[in-house]
>>> print(open('data.txt').read())   # compact mmCIF, C-alpha atoms
# COMPACT_ATOMS: atom_id res chain seq x y z
CA MET A 1 -27.51 -13.79 2.93
CA ALA A 2 -29.39 -12.57 6.00
CA ARG A 3 -30.53 -15.24 8.44
CA THR A 4 -34.27 -15.85 8.44
CA ARG A 5 -36.48 -17.54 10.99
CA TYR A 6 -36.36 -21.32 11.02
CA PHE A 7 -40.07 -21.91 11.55
CA PRO A 8 -42.84 -20.72 9.19
CA ALA A 9 -45.14 -17.85 10.08
CA ASP A 10 -48.07 -20.13 11.00
CA GLU A 11 -45.96 -21.72 13.77
CA TYR A 12 -45.39 -18.33 15.38
CA ARG A 13 -49.07 -17.40 15.00
CA HIS A 14 -50.02 -20.60 16.81
CA ARG A 15 -47.58 -19.85 19.63
CA LEU A 16 -48.88 -16.30 20.01
CA THR A 17 -52.45 -17.60 20.14
CA CYS A 18 -51.50 -20.04 22.91
CA VAL A 19 -49.93 -17.25 24.96
CA ARG A 20 -52.88 -14.91 24.43
CA ASP A 21 -55.35 -17.61 25.43
CA ARG A 22 -53.50 -17.94 28.73
CA MET A 23 -53.36 -14.17 29.09
CA ALA A 24 -57.12 -13.97 28.60
CA LYS A 25 -57.73 -16.55 31.33
CA GLN A 26 -55.75 -14.34 33.72
CA GLY A 27 -57.57 -11.19 32.62
CA LEU A 28 -54.38 -9.54 31.32
CA ASP A 29 -54.21 -6.59 28.98
CA ALA A 30 -50.60 -7.31 28.04
CA CYS A 31 -47.58 -9.32 29.01
CA LEU A 32 -43.93 -8.17 29.27
CA ILE A 33 -41.47 -10.92 28.33
CA ALA A 34 -37.71 -10.80 28.99
CA SER A 35 -36.54 -14.44 28.88
CA PRO A 36 -34.52 -14.99 25.67
CA GLU A 37 -36.14 -18.42 25.19
CA ASN A 38 -39.61 -16.90 25.41
CA VAL A 39 -38.71 -13.99 23.14
CA CYS A 40 -37.29 -16.42 20.58
CA TYR A 41 -40.28 -18.75 20.93
CA LEU A 42 -42.70 -15.96 20.05
CA THR A 43 -40.66 -14.01 17.50
CA GLY A 44 -37.77 -16.13 16.21
CA LEU A 45 -35.12 -13.70 17.52
CA ASP A 46 -31.95 -15.80 17.87
CA HIS A 47 -28.91 -13.73 18.86
CA GLN A 48 -26.58 -13.18 21.79
CA GLY A 49 -27.61 -9.60 22.48
CA TYR A 50 -29.92 -10.72 25.27
CA PHE A 51 -27.09 -10.15 27.76
CA ALA A 52 -28.38 -6.56 27.70
CA TYR A 53 -31.97 -5.62 28.53
CA GLN A 54 -34.53 -6.59 25.95
CA LEU A 55 -38.29 -6.78 26.35
CA LEU A 56 -41.12 -8.14 24.24
CA VAL A 57 -44.45 -6.41 24.81
CA VAL A 58 -47.35 -8.68 23.89
CA PRO A 59 -50.73 -6.89 23.97
CA MET A 60 -53.96 -8.86 23.83
CA GLU A 61 -54.50 -7.51 20.34
CA GLY A 62 -52.28 -6.03 17.70
CA GLN A 63 -48.63 -6.28 16.84
CA PRO A 64 -46.08 -7.33 19.48
CA ILE A 65 -43.38 -4.75 20.17
CA LEU A 66 -39.73 -5.61 20.76
CA ILE A 67 -37.48 -3.27 22.77
CA THR A 68 -33.72 -3.82 22.39
CA ARG A 69 -30.51 -1.84 22.29
CA ALA A 70 -30.50 0.31 19.17
CA MET A 71 -27.49 -1.53 17.79
CA GLU A 72 -29.62 -4.67 17.31
CA ARG A 73 -31.63 -2.93 14.58
CA ALA A 74 -30.22 -4.94 11.66
CA THR A 75 -30.59 -8.27 13.48
CA VAL A 76 -34.23 -7.59 14.34
CA ARG A 77 -34.91 -6.34 10.80
CA ASP A 78 -33.56 -9.55 9.25
CA GLN A 79 -34.86 -12.09 11.76
CA VAL A 80 -38.14 -10.69 13.03
CA PRO A 81 -40.03 -8.91 10.26
CA ASP A 82 -43.48 -8.92 11.87
CA VAL A 83 -42.84 -7.06 15.13
CA ARG A 84 -42.45 -3.37 15.78
CA HIS A 85 -38.92 -2.64 16.94
CA VAL A 86 -38.00 0.14 19.39
CA GLY A 87 -34.34 0.77 20.13
CA TYR A 88 -32.67 2.53 23.03
CA SER A 89 -29.22 3.84 23.91
CA ASP A 90 -27.94 2.52 27.23
CA GLY A 91 -24.97 4.45 28.46
CA ALA A 92 -23.66 6.85 25.84
CA GLU A 93 -25.37 9.33 23.58
CA PRO A 94 -25.62 7.74 20.13
CA LEU A 95 -23.23 9.00 17.50
CA PRO A 96 -24.89 10.75 14.54
CA LEU A 97 -26.17 8.56 11.76
CA ALA A 98 -24.30 8.43 8.47
CA GLU A 99 -25.57 10.99 5.99
CA HIS A 100 -26.00 8.22 3.43
CA GLU A 101 -26.81 4.60 4.29
CA ALA A 102 -24.31 3.36 1.71
CA GLN A 103 -21.52 5.07 3.63
CA ASP A 104 -22.57 3.54 6.93
CA LEU A 105 -19.73 1.02 7.09
CA ALA A 106 -16.98 3.38 5.93
CA MET A 107 -14.20 3.79 8.50
CA SER A 108 -13.26 7.27 7.30
CA VAL A 109 -14.67 10.10 5.22
CA PRO A 110 -13.11 12.32 2.50
CA THR A 111 -11.77 15.75 3.45
CA GLU A 112 -11.93 18.89 1.37
CA ARG A 113 -8.26 18.42 0.37
CA GLY A 114 -8.88 14.99 -1.07
CA GLY A 115 -7.54 12.96 1.84
CA VAL A 116 -9.45 11.05 4.46
CA GLY A 117 -9.94 11.76 8.11
CA GLY A 118 -12.17 11.00 11.05
CA LEU A 119 -14.38 7.99 11.66
CA GLN A 120 -17.69 7.53 9.92
CA PRO A 121 -20.19 6.27 12.53
CA TRP A 122 -22.24 3.22 11.69
CA SER A 123 -25.32 1.62 13.15
CA ALA A 124 -23.45 -0.59 15.65
CA SER A 125 -22.27 2.53 17.45
CA LEU A 126 -25.83 3.34 18.46
CA GLY A 127 -26.42 2.53 22.10
CA VAL A 128 -22.90 1.45 23.03
CA SER A 129 -22.68 1.21 26.81
CA VAL A 130 -19.63 3.01 28.20
CA ARG A 131 -18.54 3.56 31.79
CA SER A 132 -15.26 3.60 33.66
CA GLY A 133 -14.26 0.87 36.06
CA GLU A 134 -14.50 3.21 39.06
CA GLY A 135 -17.41 5.32 37.89
CA PRO A 136 -21.06 5.27 38.95
CA PRO A 137 -23.30 2.32 38.10
CA GLN A 138 -24.45 2.04 34.52
CA ASP A 139 -27.08 4.61 33.62
CA VAL A 140 -30.29 2.70 32.89
CA SER A 141 -32.51 5.75 32.48
CA ASN A 142 -32.69 5.31 28.71
CA PRO A 143 -34.09 1.75 28.66
CA ILE A 144 -36.50 2.66 31.46
CA ARG A 145 -37.62 5.83 29.72
CA THR A 146 -37.93 4.11 26.34
CA SER A 147 -40.02 1.30 27.85
CA CYS A 148 -42.32 3.63 29.76
CA GLU A 149 -42.80 5.98 26.82
CA LEU A 150 -43.78 3.03 24.66
CA LEU A 151 -46.22 1.62 27.22
CA ASN A 152 -47.80 5.07 27.59
CA GLU A 153 -48.03 5.46 23.83
CA VAL A 154 -49.91 2.18 23.30
CA GLY A 155 -52.23 2.73 26.26
CA LEU A 156 -50.61 0.22 28.60
CA ASN A 157 -49.97 2.72 31.39
CA ARG A 158 -52.92 1.25 33.28
CA GLY A 159 -54.79 -2.03 33.43
CA ARG A 160 -53.59 -5.52 34.31
CA ILE A 161 -50.14 -6.37 32.91
CA GLY A 162 -48.07 -9.49 33.38
CA ILE A 163 -44.33 -9.39 33.98
CA GLU A 164 -41.74 -12.20 34.29
CA LYS A 165 -40.63 -11.58 37.86
CA ASP A 166 -38.25 -14.52 38.02
CA SER A 167 -36.46 -13.88 34.73
CA SER A 168 -32.68 -13.71 35.12
CA PHE A 169 -32.69 -11.28 32.19
CA LEU A 170 -34.92 -8.59 33.68
CA PRO A 171 -32.55 -6.44 35.77
CA TYR A 172 -34.11 -5.31 39.04
CA ARG A 173 -33.03 -1.71 38.52
CA ILE A 174 -34.89 -1.54 35.21
CA ALA A 175 -37.95 -3.52 36.35
CA ASP A 176 -38.25 -1.38 39.47
CA GLY A 177 -37.94 1.78 37.38
CA ILE A 178 -40.73 0.70 35.03
CA VAL A 179 -43.05 -0.42 37.82
CA SER A 180 -42.47 2.80 39.80
CA ALA A 181 -43.13 4.98 36.77
CA LEU A 182 -46.47 3.30 36.04
CA PRO A 183 -48.36 3.34 39.37
CA ASP A 184 -51.77 2.78 37.78
CA VAL A 185 -50.81 -0.64 36.43
CA ASP A 186 -51.95 -3.76 38.27
CA TRP A 187 -48.78 -5.85 37.90
CA GLN A 188 -49.15 -9.64 37.80
CA ASP A 189 -46.44 -12.29 37.99
CA THR A 190 -46.52 -14.28 34.73
CA SER A 191 -43.15 -15.98 35.09
CA SER A 192 -44.43 -19.35 33.85
CA LEU A 193 -47.07 -18.20 31.37
CA VAL A 194 -45.03 -18.66 28.19
CA ASP A 195 -43.12 -21.61 29.70
CA ASN A 196 -46.42 -23.48 30.04
CA CYS A 197 -46.99 -23.08 26.31
CA ARG A 198 -43.42 -24.11 25.48
CA ILE A 199 -43.53 -27.34 27.49
CA ILE A 200 -45.67 -28.99 24.77
CA LYS A 201 -43.56 -29.17 21.62
CA SER A 202 -44.96 -28.97 18.12
CA PRO A 203 -44.04 -31.58 15.48
CA ARG A 204 -41.53 -29.11 13.99
CA GLU A 205 -39.93 -28.56 17.38
CA LEU A 206 -39.74 -32.29 18.01
CA GLU A 207 -37.92 -32.74 14.72
CA CYS A 208 -35.27 -30.25 15.89
CA ILE A 209 -34.92 -32.15 19.17
CA ARG A 210 -34.53 -35.46 17.32
CA LYS A 211 -31.70 -33.93 15.27
CA ALA A 212 -30.11 -32.52 18.43
CA ALA A 213 -30.29 -35.94 20.11
CA ALA A 214 -28.60 -37.61 17.13
CA LEU A 215 -25.90 -34.98 17.40
CA SER A 216 -25.57 -35.75 21.13
CA ASP A 217 -24.94 -39.40 20.31
CA SER A 218 -22.14 -38.45 17.91
CA MET A 219 -20.61 -36.12 20.49
CA MET A 220 -20.78 -38.78 23.20
CA LEU A 221 -19.20 -41.48 21.04
CA SER A 222 -16.43 -39.08 19.99
CA GLY A 223 -15.71 -38.11 23.59
CA ILE A 224 -15.58 -41.73 24.76
CA ALA A 225 -13.33 -42.72 21.84
CA ALA A 226 -10.87 -39.95 22.77
CA ALA A 227 -10.68 -40.98 26.44
CA GLY A 228 -8.03 -43.23 27.96
CA ALA A 229 -5.27 -43.37 30.55
CA GLY A 230 -2.79 -40.53 30.04
CA VAL A 231 -5.20 -38.45 27.94
CA GLU A 232 -5.77 -34.84 29.00
CA GLN A 233 -9.41 -34.03 29.70
CA ARG A 234 -9.26 -31.17 27.22
CA GLU A 235 -8.56 -33.71 24.45
CA VAL A 236 -11.85 -35.40 25.27
CA VAL A 237 -13.60 -32.03 25.14
CA ALA A 238 -11.91 -31.15 21.85
CA ALA A 239 -13.27 -34.36 20.30
CA ILE A 240 -16.74 -33.51 21.57
CA TYR A 241 -16.64 -29.99 20.14
CA GLN A 242 -15.33 -31.21 16.80
CA ALA A 243 -18.24 -33.64 16.50
CA MET A 244 -20.65 -30.93 17.64
CA PHE A 245 -19.81 -28.60 14.77
CA ARG A 246 -18.78 -31.06 12.06
CA HIS A 247 -22.16 -32.76 12.28
CA GLY A 248 -24.10 -29.55 11.82
CA GLY A 249 -24.82 -28.40 15.36
CA THR A 250 -24.50 -24.96 16.89
CA TYR A 251 -23.27 -23.84 20.31
CA PRO A 252 -25.37 -25.39 23.10
CA ALA A 253 -26.93 -23.51 25.97
CA PHE A 254 -24.72 -25.33 28.47
CA ILE A 255 -21.15 -26.40 27.86
CA PRO A 256 -20.31 -30.13 27.99
CA LEU A 257 -19.71 -31.39 31.52
CA VAL A 258 -16.55 -33.51 31.48
CA ARG A 259 -14.92 -34.34 34.81
CA SER A 260 -13.07 -37.18 36.45
CA THR A 261 -12.79 -38.85 39.86
CA HIS A 262 -11.35 -35.93 41.83
CA THR A 263 -14.15 -33.58 40.72
CA LEU A 264 -16.94 -36.12 40.31
CA GLU A 265 -19.11 -34.45 42.95
CA HIS A 266 -18.92 -31.01 41.32
CA GLU A 267 -22.41 -31.25 39.84
CA HIS A 268 -22.00 -28.34 37.45
CA GLY A 269 -18.22 -28.36 37.15
CA THR A 270 -16.37 -29.36 34.01
CA TRP A 271 -12.94 -30.19 32.63
CA ASP A 272 -9.55 -29.08 33.91
CA ASP A 273 -5.97 -29.61 32.70
CA ARG A 274 -5.36 -32.97 34.42
CA ARG A 275 -4.71 -36.23 32.58
CA LEU A 276 -6.95 -39.23 33.03
CA ARG A 277 -5.42 -42.03 35.09
CA GLN A 278 -5.92 -45.76 35.44
CA LYS A 279 -9.08 -46.52 37.47
CA ASP A 280 -10.41 -42.98 37.04
CA ILE A 281 -14.12 -42.42 36.52
CA LEU A 282 -14.94 -40.08 33.64
CA PHE A 283 -18.31 -38.31 33.81
CA ILE A 284 -19.65 -36.97 30.50
CA GLU A 285 -22.92 -35.07 30.11
CA MET A 286 -23.72 -32.85 27.13
CA SER A 287 -26.20 -31.89 24.49
CA GLY A 288 -26.20 -31.22 20.80
CA CYS A 289 -28.09 -28.12 19.72
CA VAL A 290 -30.13 -27.53 16.56
CA GLN A 291 -32.01 -24.25 16.10
CA ARG A 292 -31.59 -23.69 19.88
CA TYR A 293 -33.26 -27.05 20.70
CA HIS A 294 -31.44 -29.66 22.80
CA GLY A 295 -31.42 -33.42 23.38
CA PRO A 296 -29.02 -34.14 26.29
CA ILE A 297 -27.22 -37.38 27.06
CA GLY A 298 -24.94 -38.56 29.89
CA ARG A 299 -22.66 -41.55 30.46
CA LEU A 300 -20.02 -42.70 32.97
CA VAL A 301 -16.78 -44.18 31.63
CA HIS A 302 -14.21 -46.24 33.55
CA ILE A 303 -10.60 -45.57 32.57
CA GLY A 304 -8.37 -48.63 32.18
CA LYS A 305 -10.33 -50.93 34.43
CA ALA A 306 -13.68 -50.93 36.21
CA PRO A 307 -13.94 -51.94 39.88
CA VAL A 308 -15.46 -55.39 40.49
CA ARG A 309 -18.59 -53.94 42.08
CA SER A 310 -19.23 -51.60 39.13
CA ARG A 311 -21.25 -54.19 37.22
CA LYS A 312 -23.88 -54.52 39.97
CA ILE A 313 -24.37 -50.77 40.48
CA HIS A 314 -24.45 -50.23 36.73
CA ASP A 315 -27.17 -52.86 36.33
CA VAL A 316 -29.25 -51.10 39.00
CA CYS A 317 -28.71 -47.74 37.29
CA ARG A 318 -29.78 -49.10 33.92
CA GLU A 319 -32.81 -50.94 35.32
CA ALA A 320 -34.00 -47.74 37.02
CA LEU A 321 -33.57 -45.74 33.81
CA GLU A 322 -35.44 -48.28 31.70
CA SER A 323 -38.19 -48.38 34.33
CA VAL A 324 -38.68 -44.68 33.72
CA PHE A 325 -38.84 -45.26 29.96
CA ASP A 326 -41.54 -47.90 30.51
CA THR A 327 -43.58 -45.68 32.85
CA ILE A 328 -43.65 -42.44 30.87
CA ALA A 329 -47.00 -42.06 29.11
CA PRO A 330 -49.79 -39.48 28.81
CA GLY A 331 -51.74 -39.04 32.05
CA VAL A 332 -48.96 -40.45 34.25
CA THR A 333 -47.81 -38.01 36.92
CA ALA A 334 -44.23 -36.86 37.35
CA GLY A 335 -44.36 -38.34 40.88
CA GLU A 336 -45.22 -41.76 39.46
CA VAL A 337 -42.27 -41.51 37.08
CA TYR A 338 -39.94 -40.71 39.96
CA SER A 339 -41.30 -43.68 41.93
CA ALA A 340 -40.59 -45.92 38.94
CA TRP A 341 -36.95 -44.82 39.15
CA GLN A 342 -36.69 -45.15 42.93
CA LYS A 343 -38.18 -48.65 43.27
CA PRO A 344 -35.30 -50.55 41.58
CA VAL A 345 -32.86 -48.49 43.64
CA ASP A 346 -34.68 -49.45 46.85
CA ARG A 347 -34.81 -53.12 45.84
CA ALA A 348 -31.04 -53.07 45.43
CA GLY A 349 -30.64 -52.13 49.09
CA LEU A 350 -30.12 -48.40 48.47
CA GLU A 351 -33.23 -47.17 50.31
CA HIS A 352 -31.13 -44.38 51.82
CA TYR A 353 -30.34 -42.95 48.39
CA ARG A 354 -32.64 -40.20 47.10
CA ARG A 355 -32.44 -37.62 44.33
CA HIS A 356 -34.33 -34.33 44.02
CA HIS A 357 -35.62 -35.54 40.62
CA CYS A 358 -34.98 -38.18 37.98
CA GLY A 359 -35.27 -35.80 35.03
CA TYR A 360 -36.48 -32.41 33.85
CA SER A 361 -38.10 -30.76 30.86
CA VAL A 362 -35.81 -29.68 28.01
CA GLY A 363 -36.17 -28.09 24.61
CA MET A 364 -35.29 -24.58 23.57
CA GLY A 365 -32.44 -23.02 25.51
CA PHE A 366 -30.00 -20.13 25.44
CA PRO A 367 -26.86 -19.92 27.55
CA PRO A 368 -26.60 -20.51 30.44
CA SER A 369 -29.23 -23.28 30.57
CA TRP A 370 -30.48 -25.96 28.18
CA SER A 371 -33.55 -26.42 30.38
CA GLY A 372 -35.02 -23.16 29.12
CA GLY A 373 -34.10 -20.71 31.87
CA GLY A 374 -35.09 -20.62 35.52
CA VAL A 375 -35.90 -23.68 37.63
CA PRO A 376 -36.75 -26.57 35.28
CA VAL A 377 -39.95 -28.59 35.46
CA GLY A 378 -38.75 -31.77 37.16
CA LEU A 379 -39.82 -35.39 37.46
CA ARG A 380 -39.94 -35.07 41.24
CA ALA A 381 -41.26 -37.29 44.01
CA GLU A 382 -44.97 -36.68 44.73
CA SER A 383 -45.32 -34.16 41.88
CA GLU A 384 -48.85 -34.08 40.46
CA LEU A 385 -47.76 -32.78 37.06
CA GLN A 386 -49.51 -34.90 34.42
CA LEU A 387 -47.47 -35.86 31.40
CA GLN A 388 -48.84 -34.94 27.99
CA PRO A 389 -47.84 -35.88 24.43
CA GLY A 390 -45.17 -33.52 23.14
CA MET A 391 -43.39 -33.06 26.46
CA VAL A 392 -39.66 -33.80 26.34
CA PHE A 393 -37.54 -34.79 29.33
CA HIS A 394 -33.87 -35.32 30.03
CA VAL A 395 -34.17 -38.47 32.17
CA LEU A 396 -31.32 -39.16 34.60
CA SER A 397 -30.40 -42.31 36.47
CA TRP A 398 -27.81 -40.96 38.87
CA LEU A 399 -26.09 -43.26 41.36
CA LEU A 400 -22.97 -41.47 42.52
CA ARG A 401 -21.28 -41.80 45.93
CA THR A 402 -23.83 -44.39 47.05
CA GLY A 403 -21.32 -46.39 49.08
CA ARG A 404 -21.88 -49.27 46.66
CA GLY A 405 -20.15 -47.84 43.59
CA ASP A 406 -20.89 -45.21 40.96
CA SER A 407 -22.97 -45.20 37.80
CA PHE A 408 -24.71 -42.62 35.65
CA LEU A 409 -26.90 -42.79 32.55
CA SER A 410 -29.12 -40.13 31.02
CA ASP A 411 -31.15 -39.83 27.84
CA THR A 412 -33.69 -37.60 26.14
CA VAL A 413 -37.26 -38.91 25.96
CA ILE A 414 -40.42 -37.68 24.23
CA VAL A 415 -43.86 -38.35 25.69
CA THR A 416 -45.84 -39.83 22.79
CA ASP A 417 -49.55 -40.59 22.36
CA SER A 418 -48.99 -44.14 23.58
CA GLY A 419 -45.89 -44.02 25.79
CA SER A 420 -42.34 -42.78 25.29
CA GLU A 421 -39.79 -42.40 22.51
CA VAL A 422 -36.16 -42.51 23.61
CA LEU A 423 -34.13 -40.27 21.30
CA THR A 424 -30.50 -40.74 22.42
CA SER A 425 -29.11 -44.18 21.74
CA ALA A 426 -25.40 -44.36 22.60
CA SER A 427 -24.64 -47.69 24.32
CA ARG A 428 -25.87 -48.06 27.89
CA GLU A 429 -23.49 -50.96 28.59
CA LEU A 430 -20.75 -50.62 31.21
CA THR A 431 -18.03 -48.71 29.36
CA VAL A 432 -14.27 -49.06 29.92
CA ARG A 433 -11.64 -47.10 27.98
>>> encode(input="data.txt", output="structure tokens")
Amino acid sequence: MARTRYFPADEYRHRLTCVRDRMAKQGLDACLIASPENVCYLTGLDHQGYFAYQLLVVPMEGQPILITRAMERATVRDQVPDVRHVGYSDGAEPLPLAEHEAQDLAMSVPTERGGVGGLQPWSASLGVSVRSGEGPPQDVSNPIRTSCELLNEVGLNRGRIGIEKDSSFLPYRIADGIVSALPDVDWQDTSSLVDNCRIIKSPRELECIRKAAALSDSMMLSGIAAAGAGVEQREVVAAIYQAMFRHGGTYPAFIPLVRSTHTLEHEHGTWDDRRLRQKDILFIEMSGCVQRYHGPIGRLVHIGKAPVRSRKIHDVCREALESVFDTIAPGVTAGEVYSAWQKPVDRAGLEHYRRHHCGYSVGMGFPPSWSGGGVPVGLRAESELQLQPGMVFHVLSWLLRTGRGDSFLSDTVIVTDSGSEVLTSASRELTVR
């Protein structure tokens, strides 16, 4: 059975209205969207084909138009029924279509003598990118031409159009080609336009995040249970992945971070082939994923035995985290939340210790980031961002290499109408395995 969108049509209509309201305030005639999170948010398109150029054209009125490689036709047909789809070939001339749709998947065709011979092309061969390792750069003329022809066709070859300039998924060569070919357009940077709609989650989105957080708890408990002196790090990771899928999750936007003492400072590094040893520190940070929504969690585990001073630094870490929980509420600024984290740290005699944030916004995410692509909205010192109900943050209490010991705790928190709701619940006690 073909996969259908998870959310009902009225959810997508509401999202589109939010985006168009923001477009109207900026005087835009249309917006070009390349981020896979933003494309999925507005259409429901959930696939891995975003590694190649795709673009969602959102005019102020009328049907959105989705440009992808031609081979994504069936995926778009099944997942996104209410957008116009335009496909392109991006490196090789498309093979001819099958004469009959029913024969489209056949690997060979009958010959006049009754045998079979040759390959019968099928829809996935449309737009296959092919180049040699030593040849010229990939030819991007087709996606550029297709995009420009479409924008000309719908009257968007002039006017004021927004484009996601900081999207990692809008190749410069293609963006430059489109901008150069449409000199009468007044291009505006709308990198955060859709993000600012996504930061407030709907009740349906929050339910996905709650399920993802419950999954994170199961993954964390499984990883901790697998740890111990003499255990290979990959065994810990295997336990995490087994829990991830057995409990109904899908692949997360960021792989679990599992590392021990010798790589503790590798902030975005993960497991290797070493075995855990007595007195090692095991760092675990991960997230379950449900319908592309995440609820991260992080814990620090002592292998065999914890150093004597670990209890004091752990108590400081936990107090700072719980201070954040108590401070989060509508109308509070992100800077105030960070101060709530820093004050217990300062009182413990660690005034020299500072972090660039004590948490960041999470929700929908595609690889390579569960924070939704780009630089996340952080709970940073002196930030004037005001918290609103429906915002979701991965809150981190991070005390590593302080000179007084190491500790780390993180949880997912929703801003509610009256305060905060902490979603992840794995034990925050000092853990020894």
>>> atom_distance(input="data.txt", atom1="atom CA of Gly87 of chain A", atom2="atom CA of Val57 of chain A")
13.3 Å
>>> residues_around(input="data.txt", residues="His357 of chain A", least_positions_apart="3", cutoff="12 Å", atoms="all atoms listed in the file", output="short mmCIF file (atom, residue, chain, number, x, y, z; two decimals) with C-alpha atoms, keeping the file's coordinate frame")
data_model
loop_
_atom_site.label_atom_id
_atom_site.label_comp_id
_atom_site.auth_asym_id
_atom_site.auth_seq_id
_atom_site.Cartn_x
_atom_site.Cartn_y
_atom_site.Cartn_z
CA VAL A 324 -38.68 -44.68 33.72
CA ALA A 334 -44.23 -36.86 37.35
CA GLY A 335 -44.36 -38.34 40.88
CA GLU A 336 -45.22 -41.76 39.46
CA VAL A 337 -42.27 -41.51 37.08
CA TYR A 338 -39.94 -40.71 39.96
CA SER A 339 -41.30 -43.68 41.93
CA ALA A 340 -40.59 -45.92 38.94
CA TRP A 341 -36.95 -44.82 39.15
CA GLN A 342 -36.69 -45.15 42.93
CA TYR A 353 -30.34 -42.95 48.39
CA ARG A 354 -32.64 -40.20 47.10
CA TYR A 360 -36.48 -32.41 33.85
CA SER A 361 -38.10 -30.76 30.86
CA PRO A 376 -36.75 -26.57 35.28
CA VAL A 377 -39.95 -28.59 35.46
CA GLY A 378 -38.75 -31.77 37.16
CA LEU A 379 -39.82 -35.39 37.46
CA ARG A 380 -39.94 -35.07 41.24
CA ALA A 381 -41.26 -37.29 44.01
CA GLU A 382 -44.97 -36.68 44.73
CA SER A 383 -45.32 -34.16 41.88
CA PHE A 393 -37.54 -34.79 29.33
CA HIS A 394 -33.87 -35.32 30.03
CA VAL A 395 -34.17 -38.47 32.17
CA LEU A 396 -31.32 -39.16 34.60
CA SER A 397 -30.40 -42.31 36.47
CA TRP A 398 -27.81 -40.96 38.87
#
>>> residues_around(input="data.txt", residues="segment 236-241 of chain A", least_positions_apart="6", cutoff="9 Å", atoms="only C-alpha atoms", output="JSON, numbers by chain")
{"A": [218, 219, 220, 221, 222, 223, 224, 225, 226, 227, 256, 257, 258, 271, 286]}
>>> closest_residue(input="data.txt", among="A:Arg145, A:Lys201, A:Lys279, A:Lys211", to="Gln291 of chain A", atoms="all atoms listed in the file")
A:Lys211
>>> closest_residue(input="data.txt", among="A:Gly177, A:Gly269, A:Gly228, A:Gly390", to="Thr431 of chain A", atoms="only C-alpha atoms")
A:Gly228
>>> atom_distance(input="data.txt", atom1="atom CA of Asp272 of chain A", atom2="atom CA of Ala213 of chain A")
25.8 Å
>>> residues_around(input="data.txt", residues="Val231 of chain A", least_positions_apart="2", cutoff="6 Å", atoms="only C-alpha atoms", output="VMD selection string")
chain A and resid 228 to 229 275 to 276
>>> closest_atom_pairs(input="data.txt", of="segment 173-257 of chain A", to="segment 23-42 of chain A", cutoff="9 Å", atoms="only C-alpha atoms", output="tab-separated table")
residue	atom	partner	partner_atom	distance
A:Gln188	CA	A:Leu28	CA	8.3
A:Thr190	CA	A:Cys31	CA	7.6
A:Ser191	CA	A:Ile33	CA	8.6
A:Leu193	CA	A:Met23	CA	7.8
A:Val194	CA	A:Asn38	CA	6.3
A:Asp195	CA	A:Asn38	CA	7.3
A:Arg198	CA	A:Tyr41	CA	7.7
>>> decode(input="data.txt", residues="segment 239-262 of chain A", atoms="C-alpha atoms", output="mmCIF file, in the first residue's frame")
data_model
loop_
_atom_site.group_PDB
_atom_site.id
_atom_site.type_symbol
_atom_site.label_atom_id
_atom_site.label_comp_id
_atom_site.auth_asym_id
_atom_site.auth_seq_id
_atom_site.Cartn_x
_atom_site.Cartn_y
_atom_site.Cartn_z
ATOM 1 C CA ALA A 239 21.230 -2.158 21.721
ATOM 2 C CA ILE A 240 20.171 1.424 21.046
ATOM 3 C CA TYR A 241 19.301 0.709 17.419
ATOM 4 C CA GLN A 242 17.382 -2.428 18.324
ATOM 5 C CA ALA A 243 15.239 -0.458 20.771
ATOM 6 C CA MET A 244 14.833 2.317 18.204
ATOM 7 C CA PHE A 245 13.204 0.077 15.623
ATOM 8 C CA ARG A 246 11.543 -2.547 17.825
ATOM 9 C CA HIS A 247 9.565 0.156 19.603
ATOM 10 C CA GLY A 248 8.208 1.637 16.399
ATOM 11 C CA GLY A 249 10.638 4.421 15.559
ATOM 12 C CA THR A 250 12.242 5.312 12.260
ATOM 13 C CA TYR A 251 15.764 6.476 11.417
ATOM 14 C CA PRO A 252 16.612 9.735 13.233
ATOM 15 C CA ALA A 253 18.040 12.826 11.627
ATOM 16 C CA PHE A 254 21.265 12.459 13.621
ATOM 17 C CA ILE A 255 22.887 9.187 14.577
ATOM 18 C CA PRO A 256 23.283 8.357 18.280
ATOM 19 C CA LEU A 257 26.375 9.929 19.831
ATOM 20 C CA VAL A 258 28.146 7.259 21.885
ATOM 21 C CA ARG A 259 31.723 7.924 22.963
ATOM 22 C CA SER A 260 33.981 7.257 25.904
ATOM 23 C CA THR A 261 36.761 8.992 27.854
ATOM 24 C CA HIS A 262 39.363 9.219 25.084
#
